[in-house]
Amino acid sequence: MIPDDPPPRRIHVSAAVITDADGRLLLVRKAGTTAFMQPGGKPEAGETPAETLARELAEEVGLRVRADELEPLGSYAASAANEPGFEVVAEVFRVDIGDQQPIPDAEIAELRWVTAATASGLEIAPLAREYFLPAG
């Protein structure tokens with residue numbers, strides 16, 4: 001009898017879908033990594049997914065948003081980009097940043113506004129590539 005594969009180890013995060021006036025998706029790359037992904041991160045004790053995302057956006061890219069203004073899009077799962085053997089489970093929110101401009105901060109090394117066409121030469125995290133990368 002062949003043993004069943006062990007269940008994937010999961011990382012729970014909150015992630016943002018932020019688009020600009022041209023419909024491009026904001027992606028970030030953390031220092032020491034190669035994959036671009038949606039801004040967001042892991043919760044701290046007692047935080048709701050929306051509170052996690054509001055805090056992470058402030059820390060990572062200097063965007064000030066209120067947790068109660070985020071639009072929930074649902075829960076999505078994909079292979080983790082930077083942790084082999086892990087699955088990322090993301091609570092995803094659409095975020096309207098108005099006229100704020102994101103600026104890389106904390107562990108963020110780079111940010112880019114992309115579409116499927118302009119991202120073709122980039123390493124895109126599975127979650128963003130499979131569900132949220134806009135055509136164009």
# chains A, B, ... in the order shown; residues from 1 in each chain; ligands from 1
>>> residues_around(residues="A:Ala80", least_positions_apart="5", cutoff="10 Å", atoms="only C-alpha atoms", output="ChimeraX atom specification")
/A:9-11,85-89,125-127
>>> select_by_dssp(residues="chain A", states="strand (DSSP E)", output="PyMOL selection string")
chain A and resi 9-17+25-30+40-41+71-79+86-94+108-114
>>> residues_around(residues="A:Ala117", least_positions_apart="3", cutoff="9 Å", atoms="only C-alpha atoms", output="count of residues only")
6
>>> select_by_dssp(residues="chain A", states="alpha helix (DSSP H)", output="PyMOL selection string")
chain A and resi 49-61+126-127
>>> write_last_selection(atoms="N, CA, C and O atoms", output="compact mmCIF listing (two decimals), in the first residue's frame")
# COMPACT_ATOMS: atom_id res chain seq x y z
N PRO A 49 -8.33 39.34 9.39
CA PRO A 49 -7.62 39.45 8.12
C PRO A 49 -7.56 40.88 7.58
O PRO A 49 -6.52 41.30 7.06
N ALA A 50 -8.63 41.64 7.71
CA ALA A 50 -8.62 43.03 7.22
C ALA A 50 -7.66 43.89 8.03
O ALA A 50 -6.95 44.73 7.47
N GLU A 51 -7.62 43.69 9.35
CA GLU A 51 -6.69 44.45 10.18
C GLU A 51 -5.25 44.12 9.83
O GLU A 51 -4.38 44.99 9.78
N THR A 52 -4.99 42.83 9.56
CA THR A 52 -3.65 42.41 9.14
C THR A 52 -3.24 43.15 7.88
O THR A 52 -2.14 43.70 7.79
N LEU A 53 -4.14 43.18 6.90
CA LEU A 53 -3.79 43.81 5.63
C LEU A 53 -3.58 45.31 5.79
O LEU A 53 -2.62 45.87 5.23
N ALA A 54 -4.42 45.97 6.54
CA ALA A 54 -4.25 47.42 6.75
C ALA A 54 -2.88 47.70 7.39
O ALA A 54 -2.16 48.62 6.97
N ARG A 55 -2.49 46.91 8.39
CA ARG A 55 -1.19 47.10 9.04
C ARG A 55 -0.04 46.82 8.07
O ARG A 55 0.92 47.58 7.97
N GLU A 56 -0.14 45.71 7.35
CA GLU A 56 0.93 45.34 6.41
C GLU A 56 1.10 46.39 5.30
O GLU A 56 2.23 46.70 4.91
N LEU A 57 0.00 46.92 4.77
CA LEU A 57 0.11 47.94 3.72
C LEU A 57 0.82 49.19 4.25
O LEU A 57 1.62 49.80 3.54
N ALA A 58 0.54 49.56 5.48
CA ALA A 58 1.22 50.72 6.08
C ALA A 58 2.71 50.44 6.25
O ALA A 58 3.56 51.28 5.91
N GLU A 59 3.04 49.25 6.76
CA GLU A 59 4.44 48.90 7.01
C GLU A 59 5.24 48.71 5.73
O GLU A 59 6.38 49.17 5.64
N GLU A 60 4.67 48.01 4.76
CA GLU A 60 5.42 47.60 3.57
C GLU A 60 5.49 48.66 2.48
O GLU A 60 6.51 48.77 1.81
N VAL A 61 4.40 49.36 2.26
CA VAL A 61 4.36 50.29 1.11
C VAL A 61 3.80 51.66 1.47
O VAL A 61 3.48 52.45 0.58
N PRO A 126 2.66 32.25 -7.41
CA PRO A 126 1.51 31.52 -7.94
C PRO A 126 0.16 32.15 -7.61
O PRO A 126 -0.73 32.17 -8.47
N LEU A 127 -0.04 32.65 -6.41
CA LEU A 127 -1.34 33.23 -6.04
C LEU A 127 -1.71 34.38 -6.99
O LEU A 127 -2.81 34.42 -7.54
>>> atom_distance(atom1="atom CA of A:Glu130", atom2="atom CA of A:Arg94")
16.3 Å
>>> closest_residue(among="A:Ala67, A:Ala81, A:Leu73, A:Val92", to="A:Gly40", atoms="only C-alpha atoms")
A:Val92
>>> residues_around(residues="A:Val17", least_positions_apart="6", cutoff="8 Å", atoms="only C-alpha atoms", output="number ranges by chain")
A: 25-26, 38, 92-95, 132
>>> write_last_selection(atoms="all heavy atoms", output="CSV table (one decimal), in the first residue's frame")
chain,number,residue,atom,x,y,z
A,25,LEU,N,-1.9,45.8,-11.9
A,25,LEU,CA,-1.9,45.3,-10.5
A,25,LEU,C,-0.6,45.6,-9.8
A,25,LEU,O,0.5,45.4,-10.4
A,25,LEU,CB,-2.0,43.7,-10.6
A,25,LEU,CG,-2.0,43.0,-9.2
A,25,LEU,CD1,-3.3,43.3,-8.4
A,25,LEU,CD2,-2.0,41.5,-9.5
A,26,LEU,N,-0.7,46.1,-8.5
A,26,LEU,CA,0.5,46.3,-7.8
A,26,LEU,C,1.1,45.0,-7.2
A,26,LEU,O,0.4,44.3,-6.5
A,26,LEU,CB,0.2,47.3,-6.6
A,26,LEU,CG,1.4,47.6,-5.7
A,26,LEU,CD1,2.5,48.4,-6.4
A,26,LEU,CD2,0.9,48.3,-4.4
A,38,GLN,N,1.5,39.9,-4.3
A,38,GLN,CA,0.6,41.0,-3.8
A,38,GLN,C,1.1,41.5,-2.5
A,38,GLN,O,1.6,40.7,-1.7
A,38,GLN,CB,-0.8,40.5,-3.8
A,38,GLN,CG,-1.4,40.1,-5.1
A,38,GLN,CD,-2.4,39.1,-5.0
A,38,GLN,OE1,-2.2,37.9,-5.3
A,38,GLN,NE2,-3.6,39.5,-4.5
A,92,VAL,N,-8.2,37.6,0.6
A,92,VAL,CA,-7.8,38.6,-0.4
A,92,VAL,C,-8.9,39.7,-0.3
A,92,VAL,O,-10.1,39.5,-0.3
A,92,VAL,CB,-7.7,38.0,-1.8
A,92,VAL,CG1,-7.3,39.1,-2.8
A,92,VAL,CG2,-6.6,36.9,-1.8
A,93,PHE,N,-8.4,41.0,-0.4
A,93,PHE,CA,-9.2,42.2,-0.4
A,93,PHE,C,-8.9,43.1,-1.5
A,93,PHE,O,-7.7,43.3,-1.8
A,93,PHE,CB,-9.0,42.9,0.9
A,93,PHE,CG,-9.4,42.2,2.1
A,93,PHE,CD1,-8.5,41.3,2.7
A,93,PHE,CD2,-10.7,42.3,2.7
A,93,PHE,CE1,-8.8,40.6,3.9
A,93,PHE,CE2,-11.0,41.6,3.9
A,93,PHE,CZ,-10.1,40.7,4.4
A,94,ARG,N,-9.9,43.7,-2.2
A,94,ARG,CA,-9.7,44.8,-3.1
A,94,ARG,C,-9.5,46.0,-2.3
A,94,ARG,O,-10.3,46.3,-1.4
A,94,ARG,CB,-10.9,44.9,-4.1
A,94,ARG,CG,-10.6,46.0,-5.1
A,94,ARG,CD,-11.8,46.1,-6.1
A,94,ARG,NE,-12.1,44.8,-6.7
A,94,ARG,CZ,-11.4,44.2,-7.7
A,94,ARG,NH1,-10.3,44.7,-8.1
A,94,ARG,NH2,-11.7,43.0,-8.2
A,95,VAL,N,-8.5,46.8,-2.6
A,95,VAL,CA,-8.1,48.0,-1.8
A,95,VAL,C,-8.1,49.2,-2.8
A,95,VAL,O,-7.4,49.2,-3.8
A,95,VAL,CB,-6.8,47.8,-1.2
A,95,VAL,CG1,-6.4,49.0,-0.3
A,95,VAL,CG2,-6.7,46.5,-0.3
A,132,PHE,N,-5.0,36.7,-10.0
A,132,PHE,CA,-5.3,38.2,-10.0
A,132,PHE,C,-4.5,39.0,-11.1
A,132,PHE,O,-4.8,40.2,-11.2
A,132,PHE,CB,-4.9,38.7,-8.6
A,132,PHE,CG,-5.8,38.1,-7.6
A,132,PHE,CD1,-5.2,37.2,-6.7
A,132,PHE,CD2,-7.1,38.4,-7.5
A,132,PHE,CE1,-6.0,36.6,-5.7
A,132,PHE,CE2,-7.9,37.8,-6.5
A,132,PHE,CZ,-7.4,36.9,-5.6
>>> closest_residue(among="A:Ala21, A:Ala78, A:Val13, A:Ala109", to="A:Glu44", atoms="only C-alpha atoms")
A:Val13
>>> closest_residue(among="A:Thr118, A:Thr19, A:Thr48, A:Thr34", to="A:Gln100", atoms="only C-alpha atoms")
A:Thr19
>>> closest_residue(among="A:Leu63, A:Leu122, A:Ala77, A:Val28", to="A:Glu107", atoms="only C-alpha atoms")
A:Val28
>>> residues_around(residues="A:Gly62", least_positions_apart="6", cutoff="9 Å", atoms="only C-alpha atoms", output="PyMOL selection string")
chain A and resi 56+100-105
>>> closest_residue(among="A:Glu110, A:Leu70, A:Thr115, A:Asn82", to="A:Asp22", atoms="only C-alpha atoms")
A:Thr115
>>> atom_distance(atom1="atom CA of A:Phe36", atom2="atom CA of A:Asp99")
22.8 Å
>>> atom_distance(atom1="atom CA of A:Ser79", atom2="atom CA of A:Glu47")
23.7 Å
